[in-house]
file data-v4.txt (compact mmCIF, C-alpha atoms)
# COMPACT_ATOMS: atom_id res chain seq x y z
CA MET A 1 -44.29 66.69 99.77
CA GLY A 2 -40.67 65.99 99.46
CA PHE A 3 -40.87 64.37 96.07
CA ILE A 4 -39.30 67.01 93.93
CA ARG A 5 -37.24 68.69 96.57
CA ASP A 6 -35.58 65.40 97.30
CA LYS A 7 -34.35 65.08 93.76
CA ARG A 8 -31.09 63.44 94.52
CA ASN A 9 -29.24 61.88 91.73
CA SER A 10 -30.58 58.39 91.36
CA SER A 11 -27.89 57.68 88.84
CA SER A 12 -27.70 54.13 87.75
CA SER A 13 -23.96 54.13 87.32
CA THR A 14 -22.57 51.20 89.19
CA THR A 15 -19.52 50.46 91.15
CA THR A 16 -17.73 48.24 88.70
CA SER A 17 -17.65 50.56 85.67
CA PRO A 18 -13.95 51.41 86.20
CA CYS A 19 -13.27 47.78 85.35
CA ALA A 20 -15.24 47.84 82.09
CA ASP A 21 -12.22 47.48 79.81
CA LEU A 22 -10.65 44.71 81.85
CA ARG A 23 -14.02 43.02 82.05
CA ALA A 24 -14.45 43.17 78.29
CA ALA A 25 -10.96 41.75 77.77
CA TYR A 26 -11.67 38.86 80.12
CA HIS A 27 -15.11 38.12 78.76
CA ASN A 28 -13.87 38.17 75.17
CA CYS A 29 -11.13 35.75 76.09
CA PHE A 30 -13.54 33.57 78.04
CA ASN A 31 -16.09 33.44 75.23
CA ARG A 32 -13.43 32.39 72.76
CA TRP A 33 -12.06 29.75 75.12
CA TYR A 34 -15.56 28.45 75.88
CA SER A 35 -16.52 28.03 72.24
CA GLU A 36 -13.25 26.94 70.78
CA LYS A 37 -11.72 24.89 73.56
CA PHE A 38 -14.04 23.94 76.40
CA LEU A 39 -16.92 22.80 74.21
CA LYS A 40 -14.56 20.78 72.06
CA GLY A 41 -13.27 18.74 74.93
CA HIS A 42 -10.13 20.74 75.71
CA TRP A 43 -11.05 21.52 79.27
CA ASP A 44 -7.87 20.30 80.87
CA LYS A 45 -6.23 23.72 80.81
CA GLU A 46 -7.54 26.99 82.12
CA GLU A 47 -6.90 29.98 79.90
CA CYS A 48 -7.37 33.74 80.16
CA VAL A 49 -5.55 33.66 83.48
CA ALA A 50 -3.75 36.99 83.03
CA GLU A 51 -6.98 38.68 81.92
CA TRP A 52 -8.82 37.21 84.89
CA ASP A 53 -6.21 38.29 87.44
CA LYS A 54 -6.26 41.89 86.24
CA TYR A 55 -10.03 42.04 86.10
CA ARG A 56 -10.44 40.44 89.50
CA ASP A 57 -7.95 42.84 91.09
CA CYS A 58 -9.95 45.71 89.72
CA LEU A 59 -13.22 44.23 90.96
CA SER A 60 -11.88 43.72 94.43
CA LYS A 61 -11.01 47.40 94.55
CA HIS A 62 -14.26 48.72 93.16
CA LEU A 63 -16.96 46.31 94.23
CA GLU A 64 -18.61 48.21 97.01
CA ASP A 65 -21.55 45.99 97.67
CA LYS A 66 -20.51 43.70 100.51
CA ASN A 67 -23.01 41.05 99.51
CA LEU A 68 -21.31 40.85 96.15
CA SER A 69 -17.73 41.02 97.32
CA ARG A 70 -18.14 37.97 99.49
CA PHE A 71 -18.65 35.97 96.32
CA LEU A 72 -15.43 37.38 95.01
CA GLU A 73 -13.57 36.12 98.02
CA ALA A 74 -15.05 32.65 98.05
CA GLU A 75 -12.34 31.34 95.77
CA GLY A 76 -13.21 28.28 93.80
CA VAL A 77 -16.75 28.20 95.01
CA LYS A 78 -18.88 25.43 93.63
CA ARG A 79 -22.43 26.25 94.19
CA ILE A 80 -25.51 25.48 92.26
CA PRO A 81 -28.92 25.14 93.81
CA ALA A 82 -31.08 22.10 93.27
CA PRO A 83 -31.33 21.56 89.55
CA ILE A 84 -34.49 21.50 87.52
CA SER A 85 -35.22 17.87 86.90
CA LYS A 86 -34.78 16.78 83.33
CA MET B 1 -47.85 62.57 102.06
CA ILE B 2 -45.18 60.02 101.81
CA CYS B 3 -44.14 60.26 105.41
CA PHE B 4 -47.52 58.96 106.53
CA LEU B 5 -47.48 55.87 104.41
CA PRO B 6 -47.44 52.77 106.53
CA VAL B 7 -44.24 50.82 106.34
CA SER B 8 -46.00 47.91 104.76
CA PHE B 9 -47.10 50.03 101.87
CA ARG B 10 -43.51 50.97 101.16
CA ASP B 11 -42.63 47.31 101.21
CA VAL B 12 -45.16 46.65 98.54
CA ARG B 13 -43.63 49.36 96.41
CA GLN B 14 -40.25 47.76 96.71
CA TRP B 15 -41.74 44.49 95.86
CA ILE B 16 -43.38 45.78 92.71
CA ILE B 17 -40.14 47.17 91.43
CA LEU B 18 -38.11 44.16 92.27
CA LEU B 19 -40.52 41.68 90.78
CA ALA B 20 -41.13 43.55 87.63
CA PHE B 21 -37.52 44.10 86.73
CA MET B 22 -35.59 41.41 88.43
CA VAL B 23 -37.21 38.70 86.42
CA LEU B 24 -34.59 37.85 83.93
CA VAL B 25 -34.76 36.97 80.43
CA ASN B 26 -35.03 33.57 78.96
CA CYS B 27 -37.17 31.00 77.25
CA ASN B 28 -40.49 32.00 75.82
CA ALA B 29 -43.44 33.92 76.94
CA SER B 30 -45.88 31.16 77.73
CA VAL B 31 -46.08 31.27 81.46
CA LYS B 32 -47.77 28.41 83.20
CA HIS B 33 -49.02 29.10 86.63
CA LYS B 34 -47.96 26.15 88.69
CA THR B 35 -48.82 26.65 92.29
CA PRO B 36 -51.63 28.45 94.02
CA ASN B 37 -50.85 31.57 95.92
CA CYS B 38 -51.95 30.43 99.35
CA THR B 39 -48.42 30.07 100.70
CA MET B 40 -47.21 33.24 99.04
CA VAL B 41 -44.79 31.25 96.98
CA LYS B 42 -45.30 31.50 93.30
CA ALA B 43 -43.67 29.37 90.70
CA TYR B 44 -43.73 29.68 86.97
CA SER B 45 -42.26 27.32 84.48
CA GLN B 46 -41.54 27.82 80.85
CA GLU B 47 -40.07 25.77 78.06
CA HIS B 48 -38.62 26.79 74.77
CA THR B 49 -36.94 24.90 71.96
CA TYR B 50 -34.09 26.61 70.19
CA LYS B 51 -33.49 25.18 66.74
CA HIS B 52 -29.79 25.49 67.29
CA PRO B 53 -27.35 22.98 68.74
CA TRP B 54 -26.60 23.01 72.46
CA GLU B 55 -23.07 24.33 71.96
CA ARG B 56 -24.30 27.38 70.11
CA VAL B 57 -27.12 28.09 72.53
CA THR B 58 -24.89 27.93 75.59
CA SER B 59 -22.31 30.18 73.88
CA ALA B 60 -25.13 32.61 73.18
CA SER B 61 -26.19 32.45 76.81
CA TRP B 62 -22.76 33.62 77.95
CA ARG B 63 -22.74 36.45 75.48
CA LYS B 64 -26.26 37.71 75.55
CA PHE B 65 -25.79 40.47 78.10
CA ALA B 66 -22.59 41.83 76.64
CA ASP B 67 -23.47 42.28 73.00
CA PRO B 68 -24.06 45.98 72.23
CA GLU B 69 -27.12 45.25 70.12
CA ASN B 70 -28.67 43.17 72.87
CA LYS B 71 -28.00 45.91 75.34
CA ARG B 72 -30.66 47.98 73.70
CA THR B 73 -33.24 45.23 74.09
CA LEU B 74 -32.13 44.25 77.57
CA SER B 75 -31.77 47.80 78.73
CA HIS B 76 -32.68 46.88 82.29
CA ILE B 77 -29.44 44.88 82.60
CA LEU B 78 -26.76 47.34 83.63
CA GLU B 79 -23.70 45.33 84.47
CA VAL B 80 -22.66 41.72 84.38
CA ASP B 81 -19.50 40.91 86.28
CA THR B 82 -17.85 37.57 86.75
CA LEU B 83 -17.09 37.17 90.44
CA ASN B 84 -15.66 33.74 90.45
CA HIS B 85 -15.03 30.73 88.30
CA ASN B 86 -13.74 27.27 88.77
CA LEU B 87 -12.84 24.71 86.16
CA ASP B 88 -12.84 21.07 87.14
CA SER B 89 -10.30 19.94 84.61
CA LYS B 90 -10.90 16.26 85.27
CA SER B 91 -14.65 16.12 84.82
CA GLY B 92 -15.07 18.99 82.37
CA LYS B 93 -17.33 20.99 84.61
CA LEU B 94 -17.18 24.76 84.67
CA TYR B 95 -18.62 26.65 87.64
CA THR B 96 -19.14 30.37 87.39
CA THR B 97 -20.62 33.02 89.65
CA ARG B 98 -21.67 36.30 88.11
CA ALA B 99 -23.20 39.46 89.49
CA ILE B 100 -26.02 40.95 87.49
CA THR B 101 -27.03 44.51 88.20
CA ILE B 102 -30.49 45.37 87.10
CA HIS B 103 -31.90 48.80 86.67
CA ALA B 104 -35.41 49.04 87.97
CA PRO B 105 -36.86 52.07 86.30
CA GLY B 106 -40.42 53.07 86.81
CA PRO B 107 -42.34 56.15 87.68
CA TRP B 108 -40.11 58.70 89.30
CA PHE B 109 -42.18 58.74 92.48
CA LEU B 110 -41.59 55.01 92.97
CA ARG B 111 -37.86 55.58 92.85
CA LYS B 112 -38.19 58.29 95.42
CA ILE B 113 -40.11 56.05 97.74
CA VAL B 114 -37.86 53.06 97.42
CA GLY B 115 -34.69 55.12 97.46
CA GLN B 116 -32.82 52.84 95.12
CA ASP B 117 -33.26 51.93 91.54
CA ILE B 118 -30.79 49.14 91.08
CA CYS B 119 -30.96 45.58 92.24
CA HIS B 120 -28.13 43.09 92.47
CA CYS B 121 -28.58 39.47 91.60
CA VAL B 122 -26.15 36.60 91.71
CA GLU B 123 -26.14 34.01 88.98
CA SER B 124 -24.49 30.62 89.53
CA THR B 125 -23.83 28.48 86.51
CA VAL B 126 -22.50 25.00 85.98
CA VAL B 127 -21.73 23.68 82.54
CA ASP B 128 -21.03 20.01 82.13
CA ALA B 129 -19.28 19.60 78.81
CA GLN B 130 -19.34 15.81 78.97
CA THR B 131 -23.06 15.37 79.51
CA ARG B 132 -23.86 18.59 77.62
CA SER B 133 -25.92 20.38 80.19
CA MET B 134 -25.91 23.95 81.39
CA GLN B 135 -27.71 25.03 84.53
CA LEU B 136 -28.14 28.54 85.79
CA ALA B 137 -29.65 29.78 89.01
CA THR B 138 -30.18 33.48 89.64
CA LYS B 139 -31.24 35.01 92.93
CA ASN B 140 -31.71 38.54 94.10
CA ILE B 141 -29.42 39.63 96.87
CA SER B 142 -30.89 43.09 97.17
CA LEU B 143 -34.18 43.56 99.01
CA GLN B 144 -34.01 40.02 100.28
CA LYS B 145 -35.85 40.83 103.42
CA TYR B 146 -38.96 41.51 101.39
CA VAL B 147 -38.90 39.02 98.60
CA GLU B 148 -36.78 36.26 97.17
CA VAL B 149 -36.93 35.59 93.51
CA GLU B 150 -35.06 32.64 92.13
CA GLU B 151 -34.83 31.78 88.50
CA ARG B 152 -33.47 28.42 87.43
CA ILE B 153 -32.72 27.56 83.86
CA ARG B 154 -31.27 24.56 82.21
CA TYR B 155 -30.25 23.97 78.64
CA ASP B 156 -30.09 20.41 77.37
CA PRO B 157 -29.90 18.84 73.95
CA HIS B 158 -33.46 18.34 72.73
CA PRO B 159 -34.41 14.66 73.11
CA GLU B 160 -36.00 14.60 69.67
CA ASN B 161 -33.04 16.12 67.86
CA PRO B 162 -30.12 16.22 70.29
CA ASN B 163 -27.47 17.36 67.82
CA GLU B 164 -29.43 20.18 66.26
CA TRP B 165 -31.89 21.47 68.83
CA THR B 166 -31.75 22.63 72.41
CA ILE B 167 -34.46 22.62 75.01
CA CYS B 168 -34.54 25.37 77.59
CA ARG B 169 -36.47 24.82 80.78
CA GLN B 170 -37.00 27.67 83.14
CA GLU B 171 -38.53 27.86 86.58
CA THR B 172 -39.07 31.05 88.47
CA SER B 173 -40.15 31.07 92.07
CA ILE B 174 -41.13 34.12 94.01
CA ARG B 175 -41.25 33.94 97.77
CA ILE B 176 -42.75 36.83 99.60
CA LYS B 177 -41.57 37.21 103.13
CA PRO B 178 -44.37 36.76 105.63
CA LEU B 179 -45.96 40.11 106.05
CA SER B 180 -49.51 39.02 106.32
CA THR B 181 -51.00 42.46 105.99
CA LEU B 182 -49.56 42.61 102.55
CA ALA B 183 -51.16 39.47 101.31
CA SER B 184 -54.27 40.76 99.64
CA MET B 185 -52.50 43.70 98.12
CA ALA B 186 -49.67 41.55 96.95
CA GLU B 187 -52.07 39.28 95.16
CA LYS B 188 -53.33 42.14 93.01
CA ILE B 189 -49.93 43.50 92.28
CA GLU B 190 -48.70 40.13 91.26
CA GLN B 191 -51.10 39.98 88.37
CA LYS B 192 -49.47 43.10 86.99
CA CYS B 193 -46.03 41.67 87.51
CA VAL B 194 -46.88 38.62 85.46
CA GLU B 195 -47.35 40.88 82.47
CA LYS B 196 -43.90 42.38 82.96
CA PHE B 197 -42.48 38.92 83.43
CA GLN B 198 -43.88 37.83 80.08
CA GLN B 199 -42.52 40.89 78.34
CA ASN B 200 -39.01 40.34 79.69
CA SER B 201 -39.12 36.66 78.87
CA ALA B 202 -40.05 37.39 75.30
CA LYS B 203 -37.19 39.86 75.06
CA GLY B 204 -34.76 37.28 76.40
CA ARG B 205 -35.81 34.74 73.85
CA GLU B 206 -35.46 37.28 71.07
CA VAL B 207 -31.94 38.09 72.18
CA MET B 208 -30.95 34.44 72.45
CA GLU B 209 -32.28 33.70 68.96
CA ARG B 210 -30.36 36.65 67.56
CA MET B 211 -27.13 35.59 69.28
CA CYS B 212 -27.52 32.07 67.93
CA LYS B 213 -28.01 33.36 64.38
CA TYR B 214 -24.99 35.59 64.78
CA LEU B 215 -22.82 32.73 66.01
CA GLU B 216 -24.10 30.53 63.21
CA ALA B 217 -23.20 33.13 60.59
CA GLU B 218 -19.83 33.75 62.18
CA SER B 219 -18.88 30.09 62.16
CA SER B 220 -19.99 29.52 58.58
CA SER B 221 -18.08 32.55 57.35
CA ARG B 222 -14.97 31.29 59.07
CA GLY B 223 -15.55 27.91 57.59
CA ILE B 224 -15.15 26.20 60.89
CA SER B 225 -16.53 22.75 61.02
CA GLY B 226 -18.43 21.75 64.06
CA ARG B 227 -21.48 22.94 65.76
CA LEU B 228 -20.83 26.55 66.57

call {"tool": "encode", "arguments": {"input": "data-v4.txt", "output": "structure tokens"}}
result
Amino acid sequence: MGFIRDKRNSSSSTTTSPCADLRAAYHNCFNRWYSEKFLKGHWDKEECVAEWDKYRDCLSKHLEDKNLSRFLEAEGVKRIPAPISK
Amino acid sequence: MICFLPVSFRDVRQWIILLAFMVLVNCNASVKHKTPNCTMVKAYSQEHTYKHPWERVTSASWRKFADPENKRTLSHILEVDTLNHNLDSKSGKLYTTRAITIHAPGPWFLRKIVGQDICHCVESTVVDAQTRSMQLATKNISLQKYVEVEERIRYDPHPENPNEWTICRQETSIRIKPLSTLASMAEKIEQKCVEKFQQNSAKGREVMERMCKYLEAESSSRGISGRL
């Protein structure tokens, strides 16, 4: 029947796990910046740049899914589909 | 015998898994059925009021997938990676693209048939700090040739109490690629998926409420004035 014999490892580990620490560092920084700066009107300056650069470098090495990596390359993309009307 | 299954039947299996687990996690569980199924496009809309200010709710939205406690509730979310971001420093708009990897568990035989148990989605977000609005759109990029699911969410200050409450509006549309032989079968399966959809939505709301309470407690213990 092929069900059991074909028991290959359907592990759910994903391609970006090697970047987990760098991701956590960036997201922590981002969350702090979002709450403490961006929401309070201090949006003139981008922060967490060093964290982002390291994390992004790691992603570009480990992101295997081509559909995903094209988003990584589209620098500065501004895309949002048609909004829900208010 | 799996090898004798018609291709279309396999497609339906993929579709079940995708639908049931891709549907993300927001707002409340009251699903309103908006459009009839005749075109094979389904849309659901939901609304939920958070009794927390917009700033807190949108902070919670960013954090909800990462918090260890939430990870237990949202166990189908495996990874959330930021792929891109762009800050418009003049207008106060923040654009972000994130990849969300979803684990689609299910009976072991389904996994064998489909041959994959994870699904990638891309979430695009824009936050406008001046007008206080946050909009998210999430689409599957895996299995697109069978089905497209798009979830759109926006968080706005609640018109009745704009400084204290937040309204969340969510629309989910499901477009099944034209495979007419699937239509009648798909109809039946969809009813089952709606149940899963409601369960995941309820989980998402639970997580958001918990994050908001956490942020509220954190800000009051720090003695920070302001809305967070």

call {"tool": "closest_residue", "arguments": {"input": "data-v4.txt", "among": "B:Thr73, B:Thr131, B:Ser220, B:Ser59", "to": "Ala202 (chain B)", "atoms": "all atoms listed in the file"}}
result
B:Thr73

call {"tool": "closest_atom_pairs", "arguments": {"input": "data-v4.txt", "of": "chain B", "to": "chain A", "cutoff": "8 Å", "atoms": "only C-alpha atoms", "output": "Markdown table"}}
result
| residue | atom | partner | partner_atom | distance |
| --- | --- | --- | --- | --- |
| B:Met1 | CA | A:Met1 | CA | 5.9 |
| B:Ile2 | CA | A:Met1 | CA | 7.0 |
| B:Glu55 | CA | A:Leu39 | CA | 6.7 |
| B:Ser59 | CA | A:Ser35 | CA | 6.4 |
| B:Trp62 | CA | A:Asn31 | CA | 7.2 |
| B:Arg63 | CA | A:Asn31 | CA | 7.3 |
| B:Leu78 | CA | A:Thr14 | CA | 8.0 |
| B:Glu79 | CA | A:Thr14 | CA | 7.6 |
| B:Asp81 | CA | A:Arg23 | CA | 7.2 |
| B:Leu83 | CA | A:Leu72 | CA | 4.9 |
| B:Asn84 | CA | A:Leu72 | CA | 5.8 |
| B:His85 | CA | A:Gly76 | CA | 6.3 |
| B:Asn86 | CA | A:Gly76 | CA | 5.2 |
| B:Leu87 | CA | A:Glu46 | CA | 7.0 |
| B:Ser89 | CA | A:Asp44 | CA | 4.5 |
| B:Lys90 | CA | A:Asp44 | CA | 6.7 |
| B:Gly92 | CA | A:Trp43 | CA | 5.7 |
| B:Tyr95 | CA | A:Lys78 | CA | 6.1 |
| B:Thr96 | CA | A:Lys78 | CA | 8.0 |
| B:Thr97 | CA | A:Phe71 | CA | 7.6 |
| B:Ala99 | CA | A:Leu68 | CA | 7.1 |
| B:His103 | CA | A:Ser12 | CA | 6.9 |
| B:Phe109 | CA | A:Phe3 | CA | 6.8 |
| B:Arg111 | CA | A:Ser10 | CA | 7.9 |
| B:Lys112 | CA | A:Phe3 | CA | 6.7 |
| B:Gln116 | CA | A:Ser10 | CA | 7.1 |
| B:Asp117 | CA | A:Ser10 | CA | 7.0 |
| B:Ile118 | CA | A:Ser12 | CA | 6.7 |
| B:Val122 | CA | A:Leu68 | CA | 7.8 |
| B:Ser124 | CA | A:Ile80 | CA | 5.9 |
| B:Thr125 | CA | A:Ile80 | CA | 6.7 |
| B:Val126 | CA | A:Ile80 | CA | 7.0 |
| B:Ala129 | CA | A:Leu39 | CA | 6.1 |
| B:Gln130 | CA | A:Gly41 | CA | 7.9 |
| B:Gln135 | CA | A:Pro83 | CA | 7.1 |
| B:Leu136 | CA | A:Ile80 | CA | 7.6 |
| B:Ala137 | CA | A:Pro81 | CA | 6.7 |
| B:Ile141 | CA | A:Asn67 | CA | 7.1 |
| B:Arg152 | CA | A:Ile84 | CA | 7.0 |
| B:Ile153 | CA | A:Ile84 | CA | 7.3 |
| B:Arg154 | CA | A:Ile84 | CA | 6.9 |
| B:Arg169 | CA | A:Ile84 | CA | 7.8 |
| B:Gln170 | CA | A:Ile84 | CA | 8.0 |
| B:Glu171 | CA | A:Ile84 | CA | 7.6 |
| B:Leu228 | CA | A:Ser35 | CA | 7.3 |

call {"tool": "atom_distance", "arguments": {"input": "data-v4.txt", "atom1": "CA of Ala43 (chain B)", "atom2": "CA of Glu209 (chain B)"}}
result
24.9 Å

call {"tool": "atom_distance", "arguments": {"input": "data-v4.txt", "atom1": "CA of Trp54 (chain B)", "atom2": "CA of Glu218 (chain B)"}}
result
16.3 Å

call {"tool": "atom_distance", "arguments": {"input": "data-v4.txt", "atom1": "CA of Thr166 (chain B)", "atom2": "CA of Lys93 (chain B)"}}
result
19.0 Å

call {"tool": "axis_aligned_box", "arguments": {"input": "data-v4.txt", "around": "region 49-63 of chain B", "padding_each_side": "4 Å", "output": "lines of an AutoDock Vina configuration file"}}
result
center_x = -29.6
center_y = 29.7
center_z = 72.3
size_x = 22.6
size_y = 21.5
size_z = 19.2
